[in-house]
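Q: What follows is data_10.pdb, PDB, C-alpha atoms.
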ATOM      1  CA  MET A   1      16.611  19.529  11.095  1.00  0.00           C
ATOM      2  CA  ARG A   2      16.361  15.873  12.197  1.00  0.00           C
ATOM      3  CA  LEU A   3      12.702  16.298  13.021  1.00  0.00           C
ATOM      4  CA  PHE A   4      12.159  17.285   9.385  1.00  0.00           C
ATOM      5  CA  ILE A   5      14.309  14.534   7.845  1.00  0.00           C
ATOM      6  CA  ILE A   6      12.640  11.591   9.615  1.00  0.00           C
ATOM      7  CA  PRO A   7       9.065  12.303   8.375  1.00  0.00           C
ATOM      8  CA  VAL A   8      10.359  13.016   4.866  1.00  0.00           C
ATOM      9  CA  LEU A   9      12.290   9.739   4.910  1.00  0.00           C
ATOM     10  CA  ILE A  10       9.209   7.810   6.053  1.00  0.00           C
ATOM     11  CA  PHE A  11       7.135   9.458   3.325  1.00  0.00           C
ATOM     12  CA  LEU A  12       9.722   8.614   0.657  1.00  0.00           C
ATOM     13  CA  LEU A  13      10.041   5.011   1.861  1.00  0.00           C
ATOM     14  CA  SER A  14       6.333   4.449   1.424  1.00  0.00           C
ATOM     15  CA  GLY A  15       5.371   3.608  -2.116  1.00  0.00           C
ATOM     16  CA  CYS A  16       1.996   5.023  -2.971  1.00  0.00           C
ATOM     17  CA  SER A  17      -0.134   1.905  -3.335  1.00  0.00           C
ATOM     18  CA  GLY A  18      -2.866   3.984  -4.921  1.00  0.00           C
ATOM     19  CA  VAL A  19      -0.684   4.391  -8.003  1.00  0.00           C
ATOM     20  CA  LEU A  20       0.893   0.940  -7.811  1.00  0.00           C
ATOM     21  CA  VAL A  21      -2.475  -0.828  -7.845  1.00  0.00           C
ATOM     22  CA  ARG A  22      -3.421   1.036 -11.021  1.00  0.00           C
ATOM     23  CA  THR A  23      -0.340   0.002 -13.008  1.00  0.00           C
ATOM     24  CA  GLY A  24       0.597  -3.221 -14.714  1.00  0.00           C
ATOM     25  CA  GLY A  25      -1.375  -5.886 -16.482  1.00  0.00           C
ATOM     26  CA  ASP A  26      -3.823  -6.555 -13.661  1.00  0.00           C
ATOM     27  CA  ASN A  27      -4.563  -2.923 -12.825  1.00  0.00           C
ATOM     28  CA  GLN A  28      -7.549  -2.006 -10.697  1.00  0.00           C
ATOM     29  CA  PHE A  29      -9.026   0.935 -12.613  1.00  0.00           C
ATOM     30  CA  GLY A  30     -12.761   0.752 -12.042  1.00  0.00           C
ATOM     31  CA  SER A  31     -12.518  -0.443  -8.464  1.00  0.00           C
ATOM     32  CA  PRO A  32     -13.099   2.535  -6.101  1.00  0.00           C
ATOM     33  CA  LEU A  33     -10.682   2.781  -3.154  1.00  0.00           C
ATOM     34  CA  ALA A  34      -8.626  -0.174  -4.421  1.00  0.00           C
ATOM     35  CA  GLY A  35      -5.395   1.570  -3.385  1.00  0.00           C
ATOM     36  CA  LEU A  36      -6.440   1.841   0.249  1.00  0.00           C
ATOM     37  CA  GLU A  37      -7.406  -1.827   0.313  1.00  0.00           C
ATOM     38  CA  TYR A  38      -4.109  -2.792  -1.343  1.00  0.00           C
ATOM     39  CA  ALA A  39      -2.104  -0.586   1.050  1.00  0.00           C
ATOM     40  CA  SER A  40      -3.766  -2.017   4.142  1.00  0.00           C
ATOM     41  CA  ALA A  41      -3.235  -5.606   2.944  1.00  0.00           C
ATOM     42  CA  ASN A  42       0.417  -4.860   2.168  1.00  0.00           C
ATOM     43  CA  THR A  43       0.950  -3.110   5.494  1.00  0.00           C
ATOM     44  CA  PHE A  44      -0.389  -6.100   7.386  1.00  0.00           C
ATOM     45  CA  SER A  45       1.441  -8.784   5.394  1.00  0.00           C
ATOM     46  CA  CYS A  46       4.766  -6.940   5.112  1.00  0.00           C
ATOM     47  CA  SER A  47       4.738  -6.013   8.799  1.00  0.00           C
ATOM     48  CA  LEU A  48       3.954  -9.597   9.730  1.00  0.00           C
ATOM     49  CA  ALA A  49       6.728 -10.931   7.496  1.00  0.00           C
ATOM     50  CA  ALA A  50       9.191  -8.366   8.862  1.00  0.00           C
ATOM     51  CA  PHE A  51       8.177  -9.135  12.448  1.00  0.00           C
ATOM     52  CA  TYR A  52       8.673 -12.843  11.859  1.00  0.00           C
ATOM     53  CA  GLY A  53      12.162 -12.282  10.400  1.00  0.00           C
ATOM     54  CA  PHE A  54      13.456  -9.424  12.591  1.00  0.00           C
ATOM     55  CA  PRO A  55      11.015  -8.110  15.265  1.00  0.00           C
ATOM     56  CA  PRO A  56      12.544  -4.618  15.831  1.00  0.00           C
ATOM     57  CA  ILE A  57      11.933  -3.685  12.175  1.00  0.00           C
ATOM     58  CA  ILE A  58       8.228  -3.339  12.972  1.00  0.00           C
ATOM     59  CA  LEU A  59       9.107   0.111  14.370  1.00  0.00           C
ATOM     60  CA  VAL A  60       9.755   1.126  10.752  1.00  0.00           C
ATOM     61  CA  THR A  61       7.179  -0.924   8.846  1.00  0.00           C
ATOM     62  CA  ILE A  62       4.125   0.294  10.787  1.00  0.00           C
ATOM     63  CA  PRO A  63       4.752   4.066  10.281  1.00  0.00           C
ATOM     64  CA  VAL A  64       5.653   3.524   6.626  1.00  0.00           C
ATOM     65  CA  GLY A  65       2.471   1.509   6.165  1.00  0.00           C
ATOM     66  CA  LEU A  66       0.336   4.187   7.811  1.00  0.00           C
ATOM     67  CA  VAL A  67       1.800   6.897   5.586  1.00  0.00           C
ATOM     68  CA  ASP A  68       1.241   4.625   2.586  1.00  0.00           C
ATOM     69  CA  MET A  69      -2.425   4.145   3.530  1.00  0.00           C
ATOM     70  CA  ALA A  70      -2.922   7.902   3.890  1.00  0.00           C
ATOM     71  CA  ALA A  71      -1.234   8.635   0.550  1.00  0.00           C
ATOM     72  CA  SER A  72      -3.265   5.883  -1.109  1.00  0.00           C
ATOM     73  CA  PHE A  73      -6.495   7.310   0.275  1.00  0.00           C
ATOM     74  CA  VAL A  74      -5.696  10.711  -1.242  1.00  0.00           C
ATOM     75  CA  THR A  75      -4.780   9.089  -4.570  1.00  0.00           C
ATOM     76  CA  ASP A  76      -7.988   7.049  -4.527  1.00  0.00           C
ATOM     77  CA  ILE A  77     -10.055  10.197  -4.009  1.00  0.00           C
ATOM     78  CA  VAL A  78      -8.318  11.826  -6.993  1.00  0.00           C
ATOM     79  CA  PHE A  79      -8.992   8.759  -9.196  1.00  0.00           C
ATOM     80  CA  LEU A  80     -12.553   8.229  -7.918  1.00  0.00           C
ATOM     81  CA  PRO A  81     -14.314   9.827 -10.935  1.00  0.00           C
ATOM     82  CA  VAL A  82     -12.327   7.595 -13.314  1.00  0.00           C
ATOM     83  CA  ASP A  83     -13.022   4.509 -11.208  1.00  0.00           C
ATOM     84  CA  LEU A  84     -16.754   5.190 -11.245  1.00  0.00           C
ATOM     85  CA  ILE A  85     -16.816   5.475 -15.055  1.00  0.00           C
ATOM     86  CA  ILE A  86     -14.812   2.298 -15.838  1.00  0.00           C
ATOM     87  CA  ASP A  87     -16.204  -1.212 -15.315  1.00  0.00           C
ATOM     88  CA  LYS A  88     -14.934  -3.127 -12.301  1.00  0.00           C
ATOM     89  CA  PRO A  89     -11.994  -5.457 -13.122  1.00  0.00           C
ATOM     90  CA  GLU A  90     -12.300  -9.216 -12.692  1.00  0.00           C
ATOM     91  CA  LYS A  91      -8.717  -9.764 -11.481  1.00  0.00           C
ATOM     92  CA  PHE A  92      -7.145  -8.591  -8.242  1.00  0.00           C
ATOM     93  CA  LYS A  93      -3.612  -7.346  -7.652  1.00  0.00           C
ATOM     94  CA  GLU A  94      -1.511  -9.661  -5.467  1.00  0.00           C
ATOM     95  CA  GLU A  95       0.156  -8.437  -2.272  1.00  0.00           C
ATOM     96  CA  LEU A  96       3.780  -7.333  -2.287  1.00  0.00           C
ATOM     97  CA  CYS A  97       4.776  -9.474   0.684  1.00  0.00           C
ATOM     98  CA  PRO A  98       2.731 -12.672   0.700  1.00  0.00           C
ATOM     99  CA  PHE A  99       3.465 -14.207   4.081  1.00  0.00           C
ATOM    100  CA  MET A 100       3.335 -17.985   4.155  1.00  0.00           C
ATOM    101  CA  LYS A 101       4.395 -19.652   7.354  1.00  0.00           C
ATOM    102  CA  GLY A 102       4.852 -23.385   7.474  1.00  0.00           C
ATOM    103  CA  PRO A 103       6.687 -26.162   5.667  1.00  0.00           C
TER
END
Kindly present the structure from the file in structure tokens form.
A:
Amino acid sequence: MRLFIIPVLIFLLSGCSGVLVRTGGDNQFGSPLAGLEYASANTFSCSLAAFYGFPPIILVTIPVGLVDMAASFVTDIVFLPVDLIIDKPEKFKEELCPFMKGP
């Protein structure tokens, strides 16, 4: 039973960036595979921020990020026909965890 709960928990912890990038005022409809790009940027920045604050948490952030990238890729493929019809947006969605080190 535990072997089933852990993957389900990781899947539920990952927000699908493919949907998140297409919501809000600066949505990315019209930009093919924007969710995968957003998920990979968030995985890198959030993992780096988590590693800087508490290094063992990277054991959780990396698998969650990988599941998020896979789910975003599937979502991007589903939305690909819509993205090809709509004009490309001029704005870009900001990362969830902008990591700024320094003073």
Q: Have a look at A:Val74, A:Cys46, A:Cys16, A:Leu3 and name the one nearest to Thr61 of chain A; count only C-alpha atoms.
A: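 Closest to Thr61 of chain A, using only C-alpha atoms: A:Cys46.
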Q: So what do you get for atom CA of Asp87 of chain A versus atom CA of Ser31 of chain A, distance-wise?
A: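 According to the coordinates, atom CA of Asp87 of chain A and atom CA of Ser31 of chain A are separated by 7.8 Å.
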Q: Counting only C-alpha atoms, which residue out of A:Val64, A:Ile58, A:Ile85, A:Ala71 sits closest to Ser17 of chain A?
A: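 Smallest distance to Ser17 of chain A is found for A:Ala71.
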Q: Name the residues that the PyMOL selection byres ((chain A and resi 29) around 12) picks from the file above, as a short mmCIF file (atom, residue, chain, number, x, y, z; two decimals) with C-alpha atoms, in the coordinates of the input, using the file's chain letters and numbers.
A:
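Writing done, so here's part_28.cif:
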data_model
loop_
_atom_site.label_atom_id
_atom_site.label_comp_id
_atom_site.auth_asym_id
_atom_site.auth_seq_id
_atom_site.Cartn_x
_atom_site.Cartn_y
_atom_site.Cartn_z
CA GLY A 18 -2.87 3.98 -4.92
CA VAL A 19 -0.68 4.39 -8.00
CA LEU A 20 0.89 0.94 -7.81
CA VAL A 21 -2.48 -0.83 -7.84
CA ARG A 22 -3.42 1.04 -11.02
CA THR A 23 -0.34 0.00 -13.01
CA GLY A 24 0.60 -3.22 -14.71
CA GLY A 25 -1.38 -5.89 -16.48
CA ASP A 26 -3.82 -6.56 -13.66
CA ASN A 27 -4.56 -2.92 -12.82
CA GLN A 28 -7.55 -2.01 -10.70
CA GLY A 30 -12.76 0.75 -12.04
CA SER A 31 -12.52 -0.44 -8.46
CA PRO A 32 -13.10 2.54 -6.10
CA LEU A 33 -10.68 2.78 -3.15
CA ALA A 34 -8.63 -0.17 -4.42
CA GLY A 35 -5.40 1.57 -3.38
CA ASP A 76 -7.99 7.05 -4.53
CA PHE A 79 -8.99 8.76 -9.20
CA LEU A 80 -12.55 8.23 -7.92
CA PRO A 81 -14.31 9.83 -10.94
CA VAL A 82 -12.33 7.60 -13.31
CA ASP A 83 -13.02 4.51 -11.21
CA LEU A 84 -16.75 5.19 -11.24
CA ILE A 85 -16.82 5.48 -15.06
CA ILE A 86 -14.81 2.30 -15.84
CA ASP A 87 -16.20 -1.21 -15.32
CA LYS A 88 -14.93 -3.13 -12.30
CA PRO A 89 -11.99 -5.46 -13.12
CA GLU A 90 -12.30 -9.22 -12.69
CA LYS A 91 -8.72 -9.76 -11.48
CA PHE A 92 -7.14 -8.59 -8.24
CA LYS A 93 -3.61 -7.35 -7.65
#
Q: To one decimal place, how far is atom CA of Ser72 of chain A from atom CA of Leu36 of chain A in Å?
A: 5.3 Å
Q: Quote the spacing between atom CA of Gly53 of chain A and atom CA of Ile5 of chain A in Å to one decimal place.
A: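 Taking atom CA of Gly53 of chain A and atom CA of Ile5 of chain A, their separation equals 27.0 Å.
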Q: Out of A:Ile57, A:Val78, A:Val8, A:Met69, which residue has the shortest atom-to-atom distance to Thr43 of chain A when counting all atoms listed in the file?
A: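 Closest residue, counting all atoms listed in the file: A:Met69.
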Q: I need the output of the PyMOL selection byres ((chain A and resi 48) around 12) for this file as an MDAnalysis selection string; which residues are they?
A: chainID A and resid 41:47 49:59 61:62 65 97:101
